[in-house]
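Content type PDB, C-alpha atoms, from the file coords_31.pdb:
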ATOM      1  CA  MET T   1      28.814 -32.481  40.297
ATOM      2  CA  THR T   2      25.254 -31.254  39.918
ATOM      3  CA  THR T   3      23.019 -33.904  41.407
ATOM      4  CA  SER T   4      19.381 -32.895  41.711
ATOM      5  CA  HIS T   5      17.066 -33.023  38.703
ATOM      6  CA  ASP T   6      16.060 -29.386  39.288
ATOM      7  CA  ASP T   7      19.723 -28.299  39.400
ATOM      8  CA  GLN T   8      20.409 -30.169  36.166
ATOM      9  CA  LEU T   9      17.385 -28.561  34.476
ATOM     10  CA  GLY T  10      18.584 -25.177  35.714
ATOM     11  CA  THR T  11      22.008 -25.725  34.167
ATOM     12  CA  VAL T  12      20.479 -26.837  30.857
ATOM     13  CA  ALA T  13      18.098 -23.846  30.852
ATOM     14  CA  GLU T  14      20.931 -21.397  31.567
ATOM     15  CA  ILE T  15      23.032 -22.685  28.668
ATOM     16  CA  MET T  16      20.041 -22.670  26.317
ATOM     17  CA  HIS T  17      18.942 -19.199  27.416
ATOM     18  CA  GLU T  18      22.401 -17.762  26.668
ATOM     19  CA  THR T  19      22.443 -19.320  23.176
ATOM     20  CA  ARG T  20      20.939 -17.183  20.415
ATOM     21  CA  ILE T  21      21.737 -19.502  17.495
ATOM     22  CA  ALA T  22      21.262 -23.241  18.021
ATOM     23  CA  VAL T  23      22.108 -26.020  15.569
ATOM     24  CA  LEU T  24      19.233 -28.274  14.495
ATOM     25  CA  THR T  25      20.152 -31.730  13.159
ATOM     26  CA  TYR T  26      17.627 -33.879  11.311
ATOM     27  CA  ALA T  27      17.669 -36.910   8.991
ATOM     28  CA  THR T  28      16.893 -36.583   5.281
ATOM     29  CA  PRO T  29      14.687 -39.202   3.586
ATOM     30  CA  ASP T  30      17.829 -41.012   2.366
ATOM     31  CA  GLY T  31      19.216 -41.150   5.934
ATOM     32  CA  ALA T  32      21.833 -38.395   5.734
ATOM     33  CA  LEU T  33      22.173 -36.177   8.783
ATOM     34  CA  VAL T  34      21.919 -32.457   8.092
ATOM     35  CA  SER T  35      22.680 -29.672  10.555
ATOM     36  CA  THR T  36      21.463 -26.123  10.134
ATOM     37  CA  PRO T  37      21.773 -23.036  12.327
ATOM     38  CA  MET T  38      18.437 -21.794  13.669
ATOM     39  CA  GLY T  39      17.618 -18.660  15.636
ATOM     40  CA  MET T  40      15.996 -19.855  18.837
ATOM     41  CA  GLN T  41      12.852 -17.839  19.466
ATOM     42  CA  ASP T  42      11.784 -19.099  22.849
ATOM     43  CA  PHE T  43      11.581 -22.026  25.163
ATOM     44  CA  GLU T  44       9.003 -22.372  27.906
ATOM     45  CA  HIS T  45      11.011 -25.079  29.602
ATOM     46  CA  PRO T  46      14.145 -26.809  28.354
ATOM     47  CA  GLY T  47      11.822 -29.498  26.989
ATOM     48  CA  THR T  48      10.001 -27.215  24.511
ATOM     49  CA  ILE T  49      11.819 -25.045  21.971
ATOM     50  CA  TRP T  50      10.364 -22.862  19.218
ATOM     51  CA  PHE T  51      11.906 -21.893  15.889
ATOM     52  CA  ILE T  52      10.388 -19.891  13.044
ATOM     53  CA  THR T  53      10.851 -21.343   9.568
ATOM     54  CA  GLU T  54       9.284 -21.456   6.153
ATOM     55  CA  ARG T  55       6.881 -24.298   5.457
ATOM     56  CA  ASP T  56       8.262 -25.311   2.055
ATOM     57  CA  THR T  57      11.822 -26.255   3.042
ATOM     58  CA  ASP T  58      13.830 -29.455   2.869
ATOM     59  CA  LYS T  59      14.086 -29.492   6.661
ATOM     60  CA  VAL T  60      10.310 -29.283   7.180
ATOM     61  CA  HIS T  61       9.687 -32.033   4.613
ATOM     62  CA  ALA T  62      12.379 -34.249   6.191
ATOM     63  CA  ILE T  63      11.025 -33.693   9.710
ATOM     64  CA  ALA T  64       7.497 -34.563   8.547
ATOM     65  CA  ALA T  65       8.868 -37.939   7.390
ATOM     66  CA  ASP T  66      11.115 -38.514  10.445
ATOM     67  CA  PRO T  67      10.522 -36.164  13.399
ATOM     68  CA  ARG T  68      13.596 -37.238  15.387
ATOM     69  CA  VAL T  69      15.979 -34.309  15.866
ATOM     70  CA  ASN T  70      18.910 -33.095  17.897
ATOM     71  CA  VAL T  71      19.453 -29.466  18.839
ATOM     72  CA  SER T  72      22.829 -28.326  20.128
ATOM     73  CA  PHE T  73      23.508 -25.194  22.130
ATOM     74  CA  SER T  74      26.776 -23.505  23.056
ATOM     75  CA  SER T  75      27.353 -20.573  25.401
ATOM     76  CA  LYS T  76      29.899 -19.350  27.928
ATOM     77  CA  ALA T  77      28.053 -21.479  30.494
ATOM     78  CA  GLY T  78      28.630 -24.722  28.551
ATOM     79  CA  TRP T  79      27.083 -26.967  25.918
ATOM     80  CA  VAL T  80      23.785 -28.837  25.567
ATOM     81  CA  SER T  81      22.837 -31.635  23.187
ATOM     82  CA  LEU T  82      19.047 -31.985  23.255
ATOM     83  CA  THR T  83      17.354 -35.061  21.775
ATOM     84  CA  GLY T  84      13.686 -34.969  20.847
ATOM     85  CA  THR T  85      11.058 -34.743  18.149
ATOM     86  CA  ALA T  86       9.946 -31.820  16.003
ATOM     87  CA  ARG T  87       6.694 -30.878  14.352
ATOM     88  CA  VAL T  88       5.217 -27.948  12.467
ATOM     89  CA  SER T  89       2.854 -25.801  14.517
ATOM     90  CA  GLU T  90       0.168 -23.706  12.836
ATOM     91  CA  ASP T  91      -0.397 -21.598  15.969
ATOM     92  CA  ARG T  92      -0.664 -18.124  14.365
ATOM     93  CA  ALA T  93      -1.054 -16.330  17.690
ATOM     94  CA  ARG T  94       2.159 -17.917  18.987
ATOM     95  CA  LEU T  95       3.949 -17.167  15.702
ATOM     96  CA  LYS T  96       2.917 -13.516  15.937
ATOM     97  CA  GLU T  97       4.088 -13.407  19.571
ATOM     98  CA  LEU T  98       7.515 -14.858  18.678
ATOM     99  CA  TRP T  99       8.046 -12.937  15.422
ATOM    100  CA  ASP T 100      10.864 -10.395  15.665
ATOM    101  CA  ALA T 101      13.074  -8.327  13.382
ATOM    102  CA  SER T 102      15.479 -11.226  12.794
ATOM    103  CA  ALA T 103      12.644 -13.397  11.437
ATOM    104  CA  GLY T 104      11.757 -10.628   8.986
ATOM    105  CA  ILE T 105      15.321 -10.553   7.698
ATOM    106  CA  PHE T 106      15.347 -14.235   6.759
ATOM    107  CA  MET T 107      11.732 -14.775   5.661
ATOM    108  CA  SER T 108       9.397 -12.927   3.357
ATOM    109  CA  GLY T 109       5.986 -11.864   4.555
ATOM    110  CA  GLY T 110       5.209 -11.718   8.218
ATOM    111  CA  PRO T 111       3.583 -13.873  10.861
ATOM    112  CA  GLU T 112       0.283 -13.723   8.937
ATOM    113  CA  ASP T 113       1.909 -15.247   5.819
ATOM    114  CA  GLY T 114       0.846 -18.906   5.576
ATOM    115  CA  SER T 115       4.280 -19.901   4.271
ATOM    116  CA  ASN T 116       5.830 -19.041   7.649
ATOM    117  CA  VAL T 117       5.316 -21.569  10.434
ATOM    118  CA  LEU T 118       6.652 -22.555  13.812
ATOM    119  CA  LEU T 119       8.826 -25.574  14.336
ATOM    120  CA  GLN T 120       8.189 -26.946  17.813
ATOM    121  CA  VAL T 121      10.822 -29.246  19.295
ATOM    122  CA  ASP T 122       9.796 -31.383  22.252
ATOM    123  CA  GLY T 123      12.891 -32.619  24.017
ATOM    124  CA  SER T 124      13.116 -35.991  25.716
ATOM    125  CA  SER T 125      16.627 -35.682  27.175
ATOM    126  CA  ALA T 126      19.530 -33.262  27.270
ATOM    127  CA  GLU T 127      23.184 -34.026  27.781
ATOM    128  CA  PHE T 128      25.076 -31.058  29.151
ATOM    129  CA  TRP T 129      28.641 -30.053  29.779
ATOM    130  CA  GLU T 130      28.918 -27.206  32.255
ATOM    131  CA  SER T 131      31.862 -24.895  31.667
ATOM    132  CA  PRO T 132      33.826 -23.722  34.686
ATOM    133  CA  GLY T 133      34.880 -20.575  32.768
ATOM    134  CA  LYS T 134      37.885 -19.656  30.646
ATOM    135  CA  VAL T 135      40.388 -19.026  33.444
ATOM    136  CA  SER T 136      39.501 -22.164  35.381
ATOM    137  CA  SER T 137      39.582 -24.251  32.188
ATOM    138  CA  ALA T 138      43.024 -22.918  31.287
ATOM    139  CA  ILE T 139      44.335 -23.747  34.777
ATOM    140  CA  GLN T 140      42.839 -27.251  34.658
ATOM    141  CA  LEU T 141      44.310 -27.875  31.190
ATOM    142  CA  ALA T 142      47.730 -26.740  32.394
ATOM    143  CA  LYS T 143      47.448 -29.065  35.415
ATOM    144  CA  GLY T 144      46.598 -31.932  33.089
ATOM    145  CA  LEU T 145      49.585 -31.198  30.864
ATOM    146  CA  VAL T 146      52.151 -31.097  33.684
ATOM    147  CA  GLY T 147      50.704 -33.768  35.941
ATOM    148  CA  ASP T 148      49.190 -37.201  35.778
ATOM    149  CA  ALA T 149      45.787 -36.055  37.049
ATOM    150  CA  GLU T 150      42.848 -35.714  34.682
ATOM    151  CA  PRO T 151      41.758 -32.064  34.473
ATOM    152  CA  ASP T 152      38.373 -31.053  35.907
ATOM    153  CA  LEU T 153      36.740 -29.253  32.974
ATOM    154  CA  GLY T 154      33.252 -29.045  34.468
ATOM    155  CA  ASP T 155      30.231 -31.226  35.050
ATOM    156  CA  ASN T 156      28.733 -33.537  32.436
ATOM    157  CA  ASP T 157      25.461 -35.406  32.790
ATOM    158  CA  THR T 158      22.237 -36.316  31.015
ATOM    159  CA  VAL T 159      18.867 -35.162  32.302
ATOM    160  CA  THR T 160      15.442 -36.453  31.322
ATOM    161  CA  LEU T 161      13.099 -33.713  30.218
TER     162      LEU T 161
END

Write out the structure in this file as structure tokens.
Amino acid sequence: MTTSHDDQLGTVAEIMHETRIAVLTYATPDGALVSTPMGMQDFEHPGTIWFITERDTDKVHAIAADPRVNVSFSSKAGWVSLTGTARVSEDRARLKELWDASAGIFMSGGPEDGSNVLLQVDGSSAEFWESPGKVSSAIQLAKGLVGDAEPDLGDNDTVTL
């Protein structure tokens, strides 16, 4: 099992880096949890993630009232569940830097349009499940079905960001 903090961060970063679409979960003012797919634009470190969104959305209004969020990632390398807080960033230079063709498909205007903003997520912890790969997983599942041993389906741990 991955033991050092740096190794754990490396695993989390690898899974996040391989994920193009993450799922952002936030609480509405009435307490309901809502999950929405978001194109991940960039992360400097697994603890800071950037999304591009429109300012006047239910998600932005809900996050302004309760900034606690969860972002989940899935790739061939495994899964990450990141817990943290979100906030709107007005950093126009950063928005322009992160703007790409996919942002233009989903939002009107461009990075100069005041209705488009960044959503910055600052993670506090990340739980990860490292995948050993399809073939190894299939073998481990088969072992678990025919034997009494619990299959080894990869490492799982939580790392503080």

Axis-aligned box for stretch 66-82 of chain T, 8 Å per side, centre and edges in Å as JSON:
{"center_x": 20.2, "center_y": -28.9, "center_z": 20.5, "size_x": 35.4, "size_y": 35.2, "size_z": 36.0}

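Of note, atom CA of T:Leu119 and atom CA of T:Phe51 are spaced 5.0 Å apart.
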
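Between T:Arg94 and the candidates T:Ile52, T:Ala32, T:Ala126, T:Val69, the tightest atom-to-atom separation, counting all atoms listed in the file, involves T:Ile52.
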
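Applied to the file shown here, the PyMOL selection byres ((chain T and resi 37) around 12) selects the residues Thr19, Arg20, Ile21, Ala22, Val23, Leu24, Thr25, Tyr26, Val34, Ser35, Thr36, Met38, Gly39, Met40, Phe51, Ile52, Thr53, Lys59, Asn70, Val71, Ser72, Phe73 and Ser74 of chain T.
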
Please produce a file of those selected residues containing C-alpha atoms, as a PDB file, keeping the file's coordinate frame.
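Now in part.pdb:
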ATOM      1  CA  THR T  19      22.443 -19.320  23.176  1.00  0.00           C
ATOM      2  CA  ARG T  20      20.939 -17.183  20.415  1.00  0.00           C
ATOM      3  CA  ILE T  21      21.737 -19.502  17.495  1.00  0.00           C
ATOM      4  CA  ALA T  22      21.262 -23.241  18.021  1.00  0.00           C
ATOM      5  CA  VAL T  23      22.108 -26.020  15.569  1.00  0.00           C
ATOM      6  CA  LEU T  24      19.233 -28.274  14.495  1.00  0.00           C
ATOM      7  CA  THR T  25      20.152 -31.730  13.159  1.00  0.00           C
ATOM      8  CA  TYR T  26      17.627 -33.879  11.311  1.00  0.00           C
ATOM      9  CA  VAL T  34      21.919 -32.457   8.092  1.00  0.00           C
ATOM     10  CA  SER T  35      22.680 -29.672  10.555  1.00  0.00           C
ATOM     11  CA  THR T  36      21.463 -26.123  10.134  1.00  0.00           C
ATOM     12  CA  MET T  38      18.437 -21.794  13.669  1.00  0.00           C
ATOM     13  CA  GLY T  39      17.618 -18.660  15.636  1.00  0.00           C
ATOM     14  CA  MET T  40      15.996 -19.855  18.837  1.00  0.00           C
ATOM     15  CA  PHE T  51      11.906 -21.893  15.889  1.00  0.00           C
ATOM     16  CA  ILE T  52      10.388 -19.891  13.044  1.00  0.00           C
ATOM     17  CA  THR T  53      10.851 -21.343   9.568  1.00  0.00           C
ATOM     18  CA  LYS T  59      14.086 -29.492   6.661  1.00  0.00           C
ATOM     19  CA  ASN T  70      18.910 -33.095  17.897  1.00  0.00           C
ATOM     20  CA  VAL T  71      19.453 -29.466  18.839  1.00  0.00           C
ATOM     21  CA  SER T  72      22.829 -28.326  20.128  1.00  0.00           C
ATOM     22  CA  PHE T  73      23.508 -25.194  22.130  1.00  0.00           C
ATOM     23  CA  SER T  74      26.776 -23.505  23.056  1.00  0.00           C
TER      24      SER T  74
END

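Here the question is which of T:Glu44, T:Glu54, T:Asp7, T:Glu14 gets nearest to T:Gly123 using all atoms listed in the file, and that residue is T:Glu44.
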
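Pairwise distance (atom CA of T:Gly10, atom CA of T:Thr83) equals 17.1 Å.
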
Expand the PyMOL selection byres ((chain T and resi 75) around 6) into the individual residues it matches in the shown file, reporting them as a list in words.
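Output from the PyMOL selection byres ((chain T and resi 75) around 6), applied to this file: Ile15, Glu18, Thr19, Ser74, Lys76, Ala77 and Gly78 of chain T.
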
Local residues around (24.8, -34.1, 33.6), at most 12 Å away, using all atoms listed in the file, as a PyMOL selection string
chain T and resi 1-12+78-81+125-131+154-160

Generate the coordinates of all heavy atoms for stretch 13-24 of chain T; report them as an mmCIF file, keeping the file's coordinate frame.
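Below you can see out.cif, which holds the result:
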data_model
loop_
_atom_site.group_PDB
_atom_site.id
_atom_site.type_symbol
_atom_site.label_atom_id
_atom_site.label_comp_id
_atom_site.auth_asym_id
_atom_site.auth_seq_id
_atom_site.Cartn_x
_atom_site.Cartn_y
_atom_site.Cartn_z
ATOM 1 N N ALA T 13 18.841 -25.057 31.205
ATOM 2 C CA ALA T 13 18.098 -23.846 30.852
ATOM 3 C C ALA T 13 19.020 -22.642 30.726
ATOM 4 O O ALA T 13 18.865 -21.821 29.812
ATOM 5 C CB ALA T 13 17.006 -23.585 31.881
ATOM 6 N N GLU T 14 19.990 -22.522 31.615
ATOM 7 C CA GLU T 14 20.931 -21.397 31.567
ATOM 8 C C GLU T 14 21.733 -21.416 30.268
ATOM 9 O O GLU T 14 21.871 -20.391 29.598
ATOM 10 C CB GLU T 14 21.888 -21.443 32.763
ATOM 11 C CG GLU T 14 22.936 -20.349 32.736
ATOM 12 C CD GLU T 14 23.973 -20.474 33.839
ATOM 13 O OE1 GLU T 14 23.893 -21.417 34.660
ATOM 14 O OE2 GLU T 14 24.878 -19.634 33.859
ATOM 15 N N ILE T 15 22.248 -22.572 29.905
ATOM 16 C CA ILE T 15 23.032 -22.685 28.668
ATOM 17 C C ILE T 15 22.157 -22.361 27.460
ATOM 18 O O ILE T 15 22.550 -21.594 26.578
ATOM 19 C CB ILE T 15 23.659 -24.086 28.549
ATOM 20 C CG1 ILE T 15 24.677 -24.309 29.677
ATOM 21 C CG2 ILE T 15 24.297 -24.278 27.169
ATOM 22 C CD1 ILE T 15 25.109 -25.754 29.872
ATOM 23 N N MET T 16 20.943 -22.918 27.437
ATOM 24 C CA MET T 16 20.041 -22.670 26.317
ATOM 25 C C MET T 16 19.649 -21.200 26.236
ATOM 26 O O MET T 16 19.608 -20.618 25.153
ATOM 27 C CB MET T 16 18.795 -23.546 26.452
ATOM 28 C CG MET T 16 19.077 -25.019 26.220
ATOM 29 S SD MET T 16 17.678 -26.089 26.627
ATOM 30 C CE MET T 16 16.473 -25.546 25.433
ATOM 31 N N HIS T 17 19.369 -20.600 27.376
ATOM 32 C CA HIS T 17 18.942 -19.199 27.416
ATOM 33 C C HIS T 17 20.028 -18.266 26.871
ATOM 34 O O HIS T 17 19.718 -17.261 26.233
ATOM 35 C CB HIS T 17 18.554 -18.806 28.838
ATOM 36 C CG HIS T 17 18.036 -17.414 28.956
ATOM 37 N ND1 HIS T 17 16.810 -17.044 28.463
ATOM 38 C CD2 HIS T 17 18.584 -16.300 29.486
ATOM 39 C CE1 HIS T 17 16.622 -15.756 28.683
ATOM 40 N NE2 HIS T 17 17.684 -15.283 29.311
ATOM 41 N N GLU T 18 21.288 -18.598 27.120
ATOM 42 C CA GLU T 18 22.401 -17.762 26.668
ATOM 43 C C GLU T 18 22.765 -17.992 25.201
ATOM 44 O O GLU T 18 23.596 -17.295 24.656
ATOM 45 C CB GLU T 18 23.629 -18.003 27.547
ATOM 46 C CG GLU T 18 23.475 -17.479 28.951
ATOM 47 C CD GLU T 18 24.723 -17.695 29.788
ATOM 48 O OE1 GLU T 18 25.762 -18.127 29.256
ATOM 49 O OE2 GLU T 18 24.646 -17.425 30.999
ATOM 50 N N THR T 19 22.137 -18.988 24.565
ATOM 51 C CA THR T 19 22.443 -19.320 23.176
ATOM 52 C C THR T 19 21.423 -18.663 22.261
ATOM 53 O O THR T 19 20.232 -18.929 22.372
ATOM 54 C CB THR T 19 22.403 -20.849 22.971
ATOM 55 O OG1 THR T 19 23.294 -21.462 23.896
ATOM 56 C CG2 THR T 19 22.791 -21.226 21.562
ATOM 57 N N ARG T 20 21.865 -17.825 21.355
ATOM 58 C CA ARG T 20 20.939 -17.183 20.415
ATOM 59 C C ARG T 20 20.731 -18.044 19.170
ATOM 60 O O ARG T 20 19.638 -18.156 18.651
ATOM 61 C CB ARG T 20 21.487 -15.800 20.029
ATOM 62 C CG ARG T 20 20.626 -15.042 19.086
ATOM 63 C CD ARG T 20 19.318 -14.590 19.736
ATOM 64 N NE ARG T 20 18.528 -13.902 18.728
ATOM 65 C CZ ARG T 20 17.266 -14.136 18.480
ATOM 66 N NH1 ARG T 20 16.612 -15.031 19.161
ATOM 67 N NH2 ARG T 20 16.630 -13.461 17.558
ATOM 68 N N ILE T 21 21.810 -18.647 18.680
ATOM 69 C CA ILE T 21 21.737 -19.502 17.495
ATOM 70 C C ILE T 21 22.049 -20.933 17.922
ATOM 71 O O ILE T 21 23.136 -21.222 18.416
ATOM 72 C CB ILE T 21 22.735 -19.067 16.395
ATOM 73 C CG1 ILE T 21 22.521 -17.605 16.000
ATOM 74 C CG2 ILE T 21 22.632 -19.996 15.193
ATOM 75 C CD1 ILE T 21 21.191 -17.318 15.332
ATOM 76 N N ALA T 22 21.082 -21.823 17.727
ATOM 77 C CA ALA T 22 21.262 -23.241 18.021
ATOM 78 C C ALA T 22 21.485 -23.975 16.706
ATOM 79 O O ALA T 22 21.263 -23.414 15.630
ATOM 80 C CB ALA T 22 20.022 -23.785 18.729
ATOM 81 N N VAL T 23 21.915 -25.209 16.774
ATOM 82 C CA VAL T 23 22.108 -26.020 15.569
ATOM 83 C C VAL T 23 21.134 -27.194 15.613
ATOM 84 O O VAL T 23 21.171 -28.012 16.532
ATOM 85 C CB VAL T 23 23.566 -26.522 15.450
ATOM 86 C CG1 VAL T 23 23.721 -27.408 14.229
ATOM 87 C CG2 VAL T 23 24.531 -25.341 15.377
ATOM 88 N N LEU T 24 20.237 -27.234 14.623
ATOM 89 C CA LEU T 24 19.233 -28.274 14.495
ATOM 90 C C LEU T 24 19.755 -29.350 13.550
ATOM 91 O O LEU T 24 20.164 -29.039 12.432
ATOM 92 C CB LEU T 24 17.938 -27.679 13.932
ATOM 93 C CG LEU T 24 16.829 -28.664 13.554
ATOM 94 C CD1 LEU T 24 16.206 -29.264 14.816
ATOM 95 C CD2 LEU T 24 15.769 -27.967 12.708
#
